[in-house]
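Everything below belongs to target_24.txt, which stores compact mmCIF, C-alpha atoms.
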```
# COMPACT_ATOMS: atom_id res chain seq x y z
CA MET A 1 32.21 -42.73 -47.14
CA GLY A 2 28.96 -42.83 -49.14
CA GLN A 3 27.51 -45.29 -46.65
CA LEU A 4 28.26 -42.94 -43.78
CA LYS A 5 26.62 -40.07 -45.59
CA ALA A 6 23.47 -42.10 -46.21
CA ARG A 7 23.31 -43.06 -42.60
CA ASN A 8 23.71 -39.45 -41.57
CA SER A 9 20.61 -38.40 -43.41
CA THR A 10 18.41 -41.22 -42.16
CA GLY A 11 20.21 -42.48 -39.08
CA PRO A 12 19.31 -42.08 -35.42
CA PHE A 13 20.06 -38.35 -35.55
CA SER A 14 17.44 -37.42 -38.11
CA TRP A 15 15.89 -33.97 -38.08
CA LYS A 16 12.84 -35.43 -36.38
CA ALA A 17 14.89 -36.67 -33.47
CA ALA A 18 16.68 -33.34 -33.29
CA LEU A 19 13.37 -31.47 -33.25
CA LEU A 20 12.00 -33.77 -30.53
CA PHE A 21 15.16 -33.21 -28.54
CA VAL A 22 14.90 -29.44 -28.81
CA ILE A 23 11.19 -29.38 -27.93
CA THR A 24 11.68 -31.64 -24.92
CA GLY A 25 14.60 -29.55 -23.77
CA ALA A 26 12.70 -26.28 -24.14
CA GLY A 27 9.71 -27.79 -22.34
CA MET A 28 11.86 -28.86 -19.44
CA ILE A 29 13.51 -25.46 -19.17
CA VAL A 30 10.11 -23.79 -19.01
CA TYR A 31 8.87 -26.36 -16.51
CA PHE A 32 11.87 -25.92 -14.23
CA LYS A 33 11.57 -22.17 -14.40
CA VAL A 34 7.88 -22.21 -13.45
CA GLU A 35 8.50 -24.77 -10.73
CA LYS A 36 11.44 -22.78 -9.37
CA GLU A 37 9.32 -19.64 -9.16
CA ARG A 38 6.55 -21.57 -7.43
CA LEU A 39 8.95 -22.99 -4.86
CA GLU A 40 10.39 -19.54 -4.25
CA ARG A 41 6.91 -18.18 -3.52
CA LYS A 42 6.21 -21.18 -1.34
CA ARG A 43 9.37 -20.46 0.60
CA ILE A 44 8.29 -16.84 1.12
CA ALA A 45 4.78 -17.91 2.09
CA GLU A 46 6.07 -20.47 4.58
CA MET A 47 8.66 -18.20 6.09
CA SER A 48 6.10 -16.91 8.56
CA LYS A 49 4.78 -20.35 9.48
CA GLY A 50 6.20 -22.52 12.23
CA VAL A 51 7.56 -21.77 15.65
CA GLY A 52 9.95 -19.06 16.72
CA ARG A 53 9.53 -16.91 13.64
CA PRO A 54 8.83 -13.20 13.80
CA LYS A 55 5.13 -13.03 13.13
CA VAL A 56 3.10 -10.36 11.43
CA GLY A 57 -0.52 -10.60 12.46
CA GLY A 58 -2.13 -12.42 15.36
CA PRO A 59 -5.22 -12.52 17.52
CA PHE A 60 -7.29 -9.35 17.81
CA VAL A 61 -10.82 -8.28 18.67
CA LEU A 62 -12.42 -5.35 16.85
CA LYS A 63 -15.88 -4.49 15.61
CA ASP A 64 -17.22 -4.21 12.10
CA LEU A 65 -19.35 -1.41 10.73
CA ASP A 66 -22.56 -3.01 11.98
CA GLY A 67 -21.15 -3.08 15.49
CA ARG A 68 -20.60 -6.86 15.45
CA GLU A 69 -17.47 -8.32 16.99
CA PHE A 70 -14.82 -9.15 14.40
CA THR A 71 -11.77 -11.21 15.39
CA ALA A 72 -8.72 -12.64 13.66
CA GLU A 73 -10.72 -15.89 13.28
CA ASP A 74 -13.05 -14.10 10.87
CA LEU A 75 -10.14 -13.60 8.48
CA LYS A 76 -9.56 -17.35 8.10
CA GLY A 77 -10.60 -19.34 5.05
CA LYS A 78 -9.88 -16.57 2.57
CA TYR A 79 -6.88 -14.60 1.45
CA SER A 80 -7.15 -11.34 3.36
CA PHE A 81 -5.61 -8.03 2.42
CA VAL A 82 -5.13 -5.83 5.44
CA TYR A 83 -4.51 -2.08 5.42
CA PHE A 84 -4.09 0.31 8.33
CA GLY A 85 -5.08 3.94 7.94
CA PHE A 86 -7.38 6.68 9.15
CA THR A 87 -10.08 8.74 7.49
CA HIS A 88 -8.43 12.12 8.19
CA CYS A 89 -5.32 10.99 6.30
CA PRO A 90 -4.11 13.77 3.97
CA ASP A 91 -2.67 12.03 0.92
CA ILE A 92 -1.18 8.56 1.22
CA CYS A 93 -4.23 6.57 2.38
CA PRO A 94 -6.60 7.92 -0.28
CA ASP A 95 -4.11 7.01 -3.01
CA GLU A 96 -3.55 3.57 -1.54
CA LEU A 97 -7.26 2.94 -1.10
CA ASP A 98 -7.89 3.80 -4.75
CA LYS A 99 -5.23 1.24 -5.55
CA MET A 100 -6.90 -1.26 -3.21
CA ALA A 101 -10.19 -0.79 -5.07
CA GLU A 102 -8.52 -1.59 -8.38
CA ILE A 103 -6.82 -4.65 -6.89
CA ILE A 104 -10.16 -5.92 -5.51
CA ASP A 105 -11.78 -5.67 -8.93
CA GLN A 106 -8.87 -7.28 -10.73
CA VAL A 107 -8.64 -10.19 -8.29
CA LYS A 108 -12.41 -10.65 -8.49
CA GLU A 109 -12.18 -10.79 -12.25
CA GLN A 110 -9.26 -13.21 -12.29
CA THR A 111 -10.84 -15.56 -9.74
CA LYS A 112 -14.03 -15.46 -11.86
CA GLY A 113 -16.02 -13.85 -9.10
CA GLU A 114 -15.16 -16.41 -6.41
CA ASP A 115 -15.51 -14.90 -2.95
CA ILE A 116 -12.09 -15.84 -1.59
CA PHE A 117 -10.43 -12.42 -1.20
CA LEU A 118 -11.20 -10.27 1.83
CA PRO A 119 -9.99 -6.65 1.80
CA VAL A 120 -9.86 -5.12 5.27
CA PHE A 121 -9.31 -1.54 6.44
CA ILE A 122 -8.37 -1.14 10.12
CA THR A 123 -8.43 2.38 11.50
CA CYS A 124 -5.54 3.64 13.65
CA ASP A 125 -7.71 6.50 14.86
CA PRO A 126 -10.70 5.00 16.70
CA ALA A 127 -11.60 8.26 18.47
CA ARG A 128 -12.70 9.89 15.23
CA ASP A 129 -13.31 6.83 13.05
CA THR A 130 -16.54 5.36 14.34
CA PRO A 131 -18.44 2.78 12.23
CA GLU A 132 -20.60 5.47 10.64
CA VAL A 133 -17.62 7.62 9.66
CA LEU A 134 -15.72 4.63 8.30
CA ARG A 135 -18.69 3.41 6.28
CA GLU A 136 -19.13 6.75 4.60
CA TYR A 137 -15.40 7.05 3.92
CA LEU A 138 -14.85 3.54 2.54
CA GLN A 139 -17.90 3.68 0.28
CA GLU A 140 -16.11 6.27 -1.81
CA PHE A 141 -13.42 3.73 -2.58
CA HIS A 142 -14.98 0.25 -2.77
CA LYS A 143 -18.09 -1.31 -1.28
CA GLY A 144 -16.23 -4.57 -0.72
CA ILE A 145 -13.78 -3.20 1.85
CA VAL A 146 -14.50 -4.40 5.37
CA GLY A 147 -13.96 -1.52 7.80
CA LEU A 148 -12.89 -2.30 11.35
CA THR A 149 -12.64 -0.12 14.42
CA GLY A 150 -12.58 -0.66 18.18
CA THR A 151 -11.59 0.83 21.47
CA TYR A 152 -8.27 2.60 21.89
CA GLU A 153 -6.77 -0.49 23.57
CA GLN A 154 -8.13 -2.88 20.92
CA VAL A 155 -6.71 -0.82 18.08
CA LYS A 156 -3.40 -0.43 19.87
CA ASN A 157 -3.25 -4.21 20.22
CA VAL A 158 -4.02 -4.97 16.57
CA CYS A 159 -1.37 -2.46 15.46
CA LYS A 160 1.12 -4.22 17.70
CA GLN A 161 0.19 -7.62 16.24
CA TYR A 162 0.83 -6.33 12.73
CA ARG A 163 3.95 -4.40 13.79
CA VAL A 164 2.39 -1.10 12.86
CA TYR A 165 3.80 1.95 14.63
CA PHE A 166 0.99 3.37 16.75
CA SER A 167 1.19 7.05 17.67
CA THR A 168 -2.44 7.97 18.19
CA PRO A 169 -2.89 10.26 21.19
CA ARG A 170 -4.94 8.60 23.93
CA ASP A 171 -6.96 11.56 25.15
CA VAL A 172 -8.17 13.70 22.33
CA THR A 173 -10.93 16.21 22.80
CA PRO A 174 -13.74 15.87 20.28
CA GLY A 175 -13.12 17.88 17.17
CA GLU A 176 -9.41 18.15 17.70
CA ASP A 177 -7.33 18.32 14.55
CA TYR A 178 -4.40 15.91 14.43
CA LEU A 179 -2.70 13.32 12.24
CA VAL A 180 -1.58 9.82 13.22
CA ASP A 181 1.04 7.45 11.89
CA HIS A 182 0.06 4.33 10.06
CA SER A 183 1.63 1.61 8.00
CA ILE A 184 2.06 2.26 4.32
CA TYR A 185 1.90 -1.46 3.47
CA PHE A 186 -0.87 -3.84 2.60
CA TYR A 187 -0.49 -7.17 4.33
CA LEU A 188 -1.46 -10.25 2.34
CA MET A 189 -2.50 -13.03 4.75
CA ASP A 190 -3.21 -16.61 3.69
CA PRO A 191 -6.40 -18.56 4.62
CA GLU A 192 -4.71 -19.82 7.79
CA ASN A 193 -4.16 -16.16 8.64
CA ASP A 194 -0.40 -16.37 8.29
CA PHE A 195 1.44 -13.44 6.78
CA VAL A 196 2.44 -14.00 3.17
CA GLU A 197 3.70 -10.76 1.65
CA CYS A 198 3.72 -6.98 1.81
CA ILE A 199 2.39 -4.84 -1.01
CA GLY A 200 3.89 -1.37 -0.90
CA ARG A 201 3.75 2.07 -2.47
CA GLN A 202 5.94 0.95 -5.36
CA ASP A 203 3.43 -1.69 -6.47
CA THR A 204 0.90 -0.93 -9.18
CA PRO A 205 -2.57 -2.49 -9.07
CA GLU A 206 -1.36 -4.84 -11.80
CA SER A 207 1.83 -5.98 -10.05
CA ALA A 208 -0.03 -6.40 -6.77
CA THR A 209 -2.79 -8.45 -8.41
CA LYS A 210 -0.18 -10.65 -10.05
CA VAL A 211 1.49 -11.41 -6.70
CA ILE A 212 -1.86 -12.11 -5.03
CA MET A 213 -3.10 -14.35 -7.85
CA GLU A 214 0.12 -16.36 -7.81
CA HIS A 215 -0.35 -17.11 -4.13
CA ILE A 216 -4.05 -17.93 -4.56
CA ASN A 217 -3.27 -20.27 -7.46
CA ASP A 218 -0.47 -21.99 -5.55
CA TRP A 219 -2.86 -22.52 -2.64
CA LYS A 220 -5.47 -24.05 -4.97
CA ARG A 221 -2.93 -26.22 -6.77
CA GLU A 222 -1.95 -27.73 -3.44
CA GLY A 223 -5.60 -28.53 -2.88
CA LYS A 224 -5.85 -26.59 0.38
CA PRO A 225 -9.28 -25.46 1.59
CA LEU A 226 -10.85 -22.08 0.86
CA LYS A 227 -14.11 -20.65 2.10
CA THR A 228 -16.19 -19.32 -0.76
CA GLU A 229 -19.30 -18.13 1.05
CA MET B 1 -16.26 25.19 2.12
CA GLY B 2 -18.25 25.68 5.30
CA TRP B 3 -17.48 23.01 7.83
CA PHE B 4 -14.07 22.32 6.45
CA SER B 5 -12.59 25.75 6.82
CA GLY B 6 -9.47 25.65 8.88
CA SER B 7 -10.69 26.27 12.40
CA SER B 8 -9.67 23.69 14.98
CA SER B 9 -13.16 22.25 15.47
CA ASP B 10 -13.99 22.00 11.84
CA SER B 11 -15.28 18.55 11.04
CA LYS B 12 -18.88 17.44 11.25
CA THR B 13 -19.86 14.96 13.90
CA ALA B 14 -21.44 11.68 12.91
CA SER B 15 -24.52 10.53 14.82
CA ASP B 16 -22.42 7.92 16.66
CA GLY B 17 -19.91 10.51 17.86
CA GLY B 18 -17.19 10.10 15.21
CA ARG B 19 -15.73 12.95 13.20
CA ILE B 20 -16.54 12.88 9.51
CA ALA B 21 -13.44 13.14 7.35
CA PRO B 22 -13.13 15.17 4.15
CA ASP B 23 -14.68 13.37 1.20
CA ARG B 24 -13.20 12.94 -2.24
CA SER B 25 -14.17 16.38 -3.52
CA SER B 26 -12.94 18.17 -0.37
CA ARG B 27 -9.64 16.37 -0.64
CA GLN B 28 -9.39 17.34 -4.28
CA ARG B 29 -10.08 20.97 -3.41
CA CYS B 30 -7.42 20.90 -0.70
CA TRP B 31 -4.83 19.36 -3.02
CA GLU B 32 -5.56 21.94 -5.71
CA GLY B 33 -5.11 24.75 -3.17
CA ARG B 34 -1.85 23.19 -2.07
CA ASP B 35 -0.54 22.84 -5.62
CA LYS B 36 -1.35 26.47 -6.48
CA PHE B 37 0.33 27.71 -3.31
CA PHE B 38 3.43 25.56 -3.88
CA THR B 39 3.71 26.72 -7.48
CA CYS B 40 3.72 30.29 -6.18
CA LEU B 41 6.39 29.40 -3.61
CA ASP B 42 8.47 27.81 -6.38
CA ASN B 43 8.17 30.96 -8.49
CA ASN B 44 9.37 33.05 -5.55
CA ASP B 45 12.15 30.70 -4.47
CA ILE B 46 10.61 29.99 -1.10
CA LEU B 47 11.05 26.47 0.24
CA ASP B 48 9.89 26.44 3.85
CA ALA B 49 6.50 28.09 4.25
CA ILE B 50 6.60 27.61 8.02
CA LYS B 51 10.00 29.16 8.66
CA ASP B 52 9.53 31.84 6.02
CA ASP B 53 5.87 32.32 6.81
CA LYS B 54 5.93 36.12 6.58
CA GLN B 55 7.65 36.14 3.23
CA ALA B 56 5.34 33.43 1.89
CA ARG B 57 2.28 35.43 2.96
CA ARG B 58 3.63 38.59 1.40
CA LYS B 59 4.44 37.00 -1.95
CA CYS B 60 1.63 34.43 -2.13
CA GLY B 61 -1.05 35.99 0.05
CA LYS B 62 -4.03 34.95 -2.03
CA GLU B 63 -2.73 31.40 -2.60
CA VAL B 64 -1.95 30.73 1.04
CA GLU B 65 -5.36 31.98 2.11
CA GLU B 66 -7.08 29.71 -0.37
CA PHE B 67 -4.91 26.77 0.64
CA GLU B 68 -5.60 27.25 4.34
CA ALA B 69 -9.29 27.73 3.75
CA SER B 70 -9.68 24.49 1.84
CA CYS B 71 -7.63 22.19 4.07
CA ALA B 72 -7.74 21.27 7.76
CA LYS B 73 -5.02 22.85 9.91
CA ALA B 74 -3.21 19.56 10.49
CA TRP B 75 -3.13 18.96 6.74
CA VAL B 76 -1.74 22.43 6.01
CA LYS B 77 1.10 21.86 8.47
CA TYR B 78 1.69 18.35 7.11
CA PHE B 79 1.94 19.50 3.50
CA LYS B 80 4.23 22.43 4.33
CA GLU B 81 6.57 20.11 6.25
CA LYS B 82 6.40 17.45 3.57
CA ARG B 83 7.51 19.96 0.95
CA VAL B 84 10.71 20.68 2.87
CA MET B 85 11.29 17.01 3.66
CA GLU B 86 10.90 15.95 0.03
CA PHE B 87 13.17 18.73 -1.18
CA ASN B 88 15.91 17.64 1.22
CA ARG B 89 15.37 14.00 0.35
CA ASP B 90 15.70 14.67 -3.39
CA LYS B 91 18.78 16.79 -2.79
CA THR B 92 20.40 14.01 -0.77
CA ILE B 93 19.62 11.40 -3.43
CA GLU B 94 21.06 13.72 -6.10
CA ARG B 95 24.20 14.28 -4.03
CA ILE B 96 24.74 10.55 -3.49
CA LYS B 97 24.27 9.90 -7.21
CA GLN B 98 26.85 12.54 -8.07
CA GLU B 99 29.30 11.20 -5.51
CA ASP B 100 28.85 7.72 -6.93
CA ALA B 101 29.43 8.95 -10.47
CA ALA B 102 32.55 10.83 -9.36
CA LYS B 103 33.85 7.73 -7.64
CA VAL B 104 33.30 5.59 -10.72
CA GLN B 105 35.14 8.19 -12.81
CA ASP B 106 37.97 8.15 -10.31
CA LEU B 107 38.25 4.36 -10.32
CA LYS B 108 38.10 4.24 -14.11
CA ALA B 109 40.99 6.68 -14.23
CA GLN B 110 42.94 4.19 -12.14
CA GLY B 111 42.29 1.46 -14.71
CA TRP B 112 39.30 -0.28 -13.10
CA THR B 113 36.48 -1.46 -15.34
CA PRO B 114 32.92 -1.92 -14.17
CA ARG B 115 31.64 -5.45 -14.53
```

This entry written out as structure tokens:
Amino acid sequence: MGQLKARNSTGPFSWKAALLFVITGAGMIVYFKVEKERLERKRIAEMSKGVGRPKVGGPFVLKDLDGREFTAEDLKGKYSFVYFGFTHCPDICPDELDKMAEIIDQVKEQTKGEDIFLPVFITCDPARDTPEVLREYLQEFHKGIVGLTGTYEQVKNVCKQYRVYFSTPRDVTPGEDYLVDHSIYFYLMDPENDFVECIGRQDTPESATKVIMEHINDWKREGKPLKTE
Amino acid sequence: MGWFSGSSSDSKTASDGGRIAPDRSSRQRCWEGRDKFFTCLDNNDILDAIKDDKQARRKCGKEVEEFEASCAKAWVKYFKEKRVMEFNRDKTIERIKQEDAAKVQDLKAQGWTPR
């Protein structure tokens, strides 16, 4: 009996072994949890890759605020963050663009200033939103937002590619007062220009930044290329 | 308020032919006008300022004038419609919540326990 007791205090199941066991176990639980979350995000990110899947986004031709052609190819190499709106929008777009500005700054800070995040504003109202109008409008929110406009047909096409309901009247007389429909989501696209996730009205700048940073970090961890210039 | 004063051709034209949208301070002014007008409607138990336009103008004449002077026409219509839509939406949500609560009560009375 005494022998057994002695062995209990010094034997293979000493407190050190028990502590090691607990630490290893806790470490593995944390590791599995992190890994599981990463795989879940990967699954979401890859849902829109491959053939025969419903795609958000696709080829388009628009022009930037300097009048240069801007196509879907120009979005590649960075994570892009696409929003559809119009400058005469009464209340939702201005709120969302203020949010976008906060997200841009937070992502910039968390990527230590790396230039790998491209926020884009595409107008659904090309008749009124010319480059000059867009520039003035977007400057009030964030200088980093790339504004895009185009002809009626070009804008109609890009809305279709991103599955945005397009209701803009074709023939508007100058100065006419009207509203148009637009998407209320931000579209996060990966550097291969595949759709990753939607950021909606319910997201705060913080929750949106968290989602975006997780995807950016996953991309980096897998060693995939990013354009930083 | 000038260029942004409610007539149908109210926005300035940019040099490249676009129409300049209200800036941050114009938007703010419009929203303040809207909030004052809606507060007045609330105080007078008026919901739909389009359907009950006459009544709204009688009770909140000053507020509606200010609201319409500081917002574009399309915005005025949008906000008036949105007020009705949001009221109905909230009422529907409230009704569904109450129905759900009643149902749970009912089921509990029959001996069911929520898991």

With distances taken over all atoms listed in the file, the candidate from B:Arg19, B:Arg29, B:Lys80, B:Arg95 nearest chain A is B:Arg19

message = Please determine, counting all atoms listed in the file, which residue among B:Arg89, B:Ala69, B:Val84, B:Phe79 has the shortest atom-to-atom distance to Ile92 in chain A.
response =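 The shortest atom-to-atom distance to Ile92 in chain A comes from B:Phe79.
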
Could the residues of chain B that have an atom at most 8 Å from chain A be listed as a Markdown table, each with its closest atom pair and the distance in Å to one decimal, counting only C-alpha atoms and ordered by chain and ascending residue number?
```
| residue | atom | partner | partner_atom | distance |
| --- | --- | --- | --- | --- |
| B:Ser8 | CA | A:Asp177 | CA | 5.9 |
| B:Ser9 | CA | A:Gly175 | CA | 4.7 |
| B:Asp10 | CA | A:Gly175 | CA | 6.8 |
| B:Ser11 | CA | A:Gly175 | CA | 6.5 |
| B:Ala14 | CA | A:Val133 | CA | 6.5 |
| B:Ser15 | CA | A:Glu132 | CA | 7.6 |
| B:Asp16 | CA | A:Glu132 | CA | 6.7 |
| B:Gly17 | CA | A:Thr130 | CA | 7.1 |
| B:Gly18 | CA | A:Arg128 | CA | 4.5 |
| B:Arg19 | CA | A:Arg128 | CA | 4.8 |
| B:Ile20 | CA | A:Val133 | CA | 5.4 |
| B:Ala21 | CA | A:His88 | CA | 5.2 |
| B:Pro22 | CA | A:His88 | CA | 6.9 |
| B:Asp23 | CA | A:Tyr137 | CA | 6.9 |
| B:Arg24 | CA | A:Glu140 | CA | 7.3 |
| B:Arg27 | CA | A:Pro90 | CA | 7.7 |
| B:Ala72 | CA | A:Asp177 | CA | 7.4 |
| B:Lys73 | CA | A:Asp177 | CA | 6.9 |
| B:Ala74 | CA | A:Tyr178 | CA | 5.5 |
| B:Trp75 | CA | A:Pro90 | CA | 6.0 |
```

*What's the 9 Å shell around Cys30 in chain B, counting only C-alpha atoms, without same-chain residues fewer than 3 positions away, as a PyMOL selection string?*
chain B and resi 25-27+33-35+66-72+75-76

- Message: Env of Gly147 in chain A: 8 Å cut, atoms = only C-alpha atoms, seq-sep filter 2 positions within chain, self excluded. Answer as a VMD selection string.
- Response: chain A and resid 64 to 65 120 to 123 131 134 to 135 138 145 149

Could you jot down the CA of Lys77 in chain B to CA of Phe84 in chain A separation for me, Å, one decimal place?
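Computing it gives 22.2 Å between the two atoms.
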
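The spacing separating CA of Val56 in chain A from CA of Asn217 in chain A amounts to 22.3 Å.
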
Worksheet item: What gap, in Å, lies between CA of Lys220 in chain A and CA of Phe81 in chain A?
Response: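 These atoms are spaced 17.6 Å apart.
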
Could you pull the residues within 8 Å of Tyr187 in chain A, counting only C-alpha atoms, minus those fewer than 3 positions along the same chain, as a PyMOL selection string? chain A and resi 80-83+195-199

**Item:** Near-Asp45 in chain B list (12 Å; only C-alpha atoms; drop same-chain fewer than 4 positions) as a list in words
**Value:**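 Within the cut-off, the hits are Phe38, Thr39, Cys40, Leu41, Ala49, Asp52, Gln55, Ala56, Lys59 and Cys60 of chain B.
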
Return the padded bounding box of range 151-161 of chain A as JSON: axis-aligned, built from all atoms listed in the file, 4 Å added on each side, with centre and edge lengths in Å to one decimal.
```
{"center_x": -5.2, "center_y": -2.5, "center_z": 19.5, "size_x": 20.7, "size_y": 18.2, "size_z": 16.1}
```

Exercise for the section: Rank nothing, just name the residue among A:Glu222, A:Asp125, A:Asp194, A:Glu214 nearest to Gln161 in chain A, using only C-alpha atoms. Expected result: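 The shortest atom-to-atom distance to Gln161 in chain A comes from A:Asp194.
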
Quiz item: Counting all atoms listed in the file, what is within 7 Å of Leu62 in chain A, bar same-chain residues fewer than 4 positions away, as a PyMOL selection string?
Solution: chain A and resi 69-71+148-150+154

Would you pull range 206-219 of chain A out of the block just shown and save C-alpha atoms as a PDB file, in the first residue's frame?
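Dumped to result.pdb:
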```pdb
ATOM      1  CA  GLU A 206     -14.909  46.886 -37.285  1.00  0.00           C
ATOM      2  CA  SER A 207     -16.717  43.678 -38.237  1.00  0.00           C
ATOM      3  CA  ALA A 208     -16.174  44.373 -41.930  1.00  0.00           C
ATOM      4  CA  THR A 209     -12.466  45.039 -41.422  1.00  0.00           C
ATOM      5  CA  LYS A 210     -12.150  41.806 -39.467  1.00  0.00           C
ATOM      6  CA  VAL A 211     -13.704  39.775 -42.304  1.00  0.00           C
ATOM      7  CA  ILE A 212     -11.524  41.485 -44.914  1.00  0.00           C
ATOM      8  CA  MET A 213      -8.319  41.055 -42.907  1.00  0.00           C
ATOM      9  CA  GLU A 214      -9.033  37.372 -42.349  1.00  0.00           C
ATOM     10  CA  HIS A 215      -9.293  36.822 -46.085  1.00  0.00           C
ATOM     11  CA  ILE A 216      -6.175  38.899 -46.809  1.00  0.00           C
ATOM     12  CA  ASN A 217      -4.196  36.981 -44.188  1.00  0.00           C
ATOM     13  CA  ASP A 218      -5.393  33.616 -45.484  1.00  0.00           C
ATOM     14  CA  TRP A 219      -4.320  34.643 -48.978  1.00  0.00           C
TER      15      TRP A 219
END
```
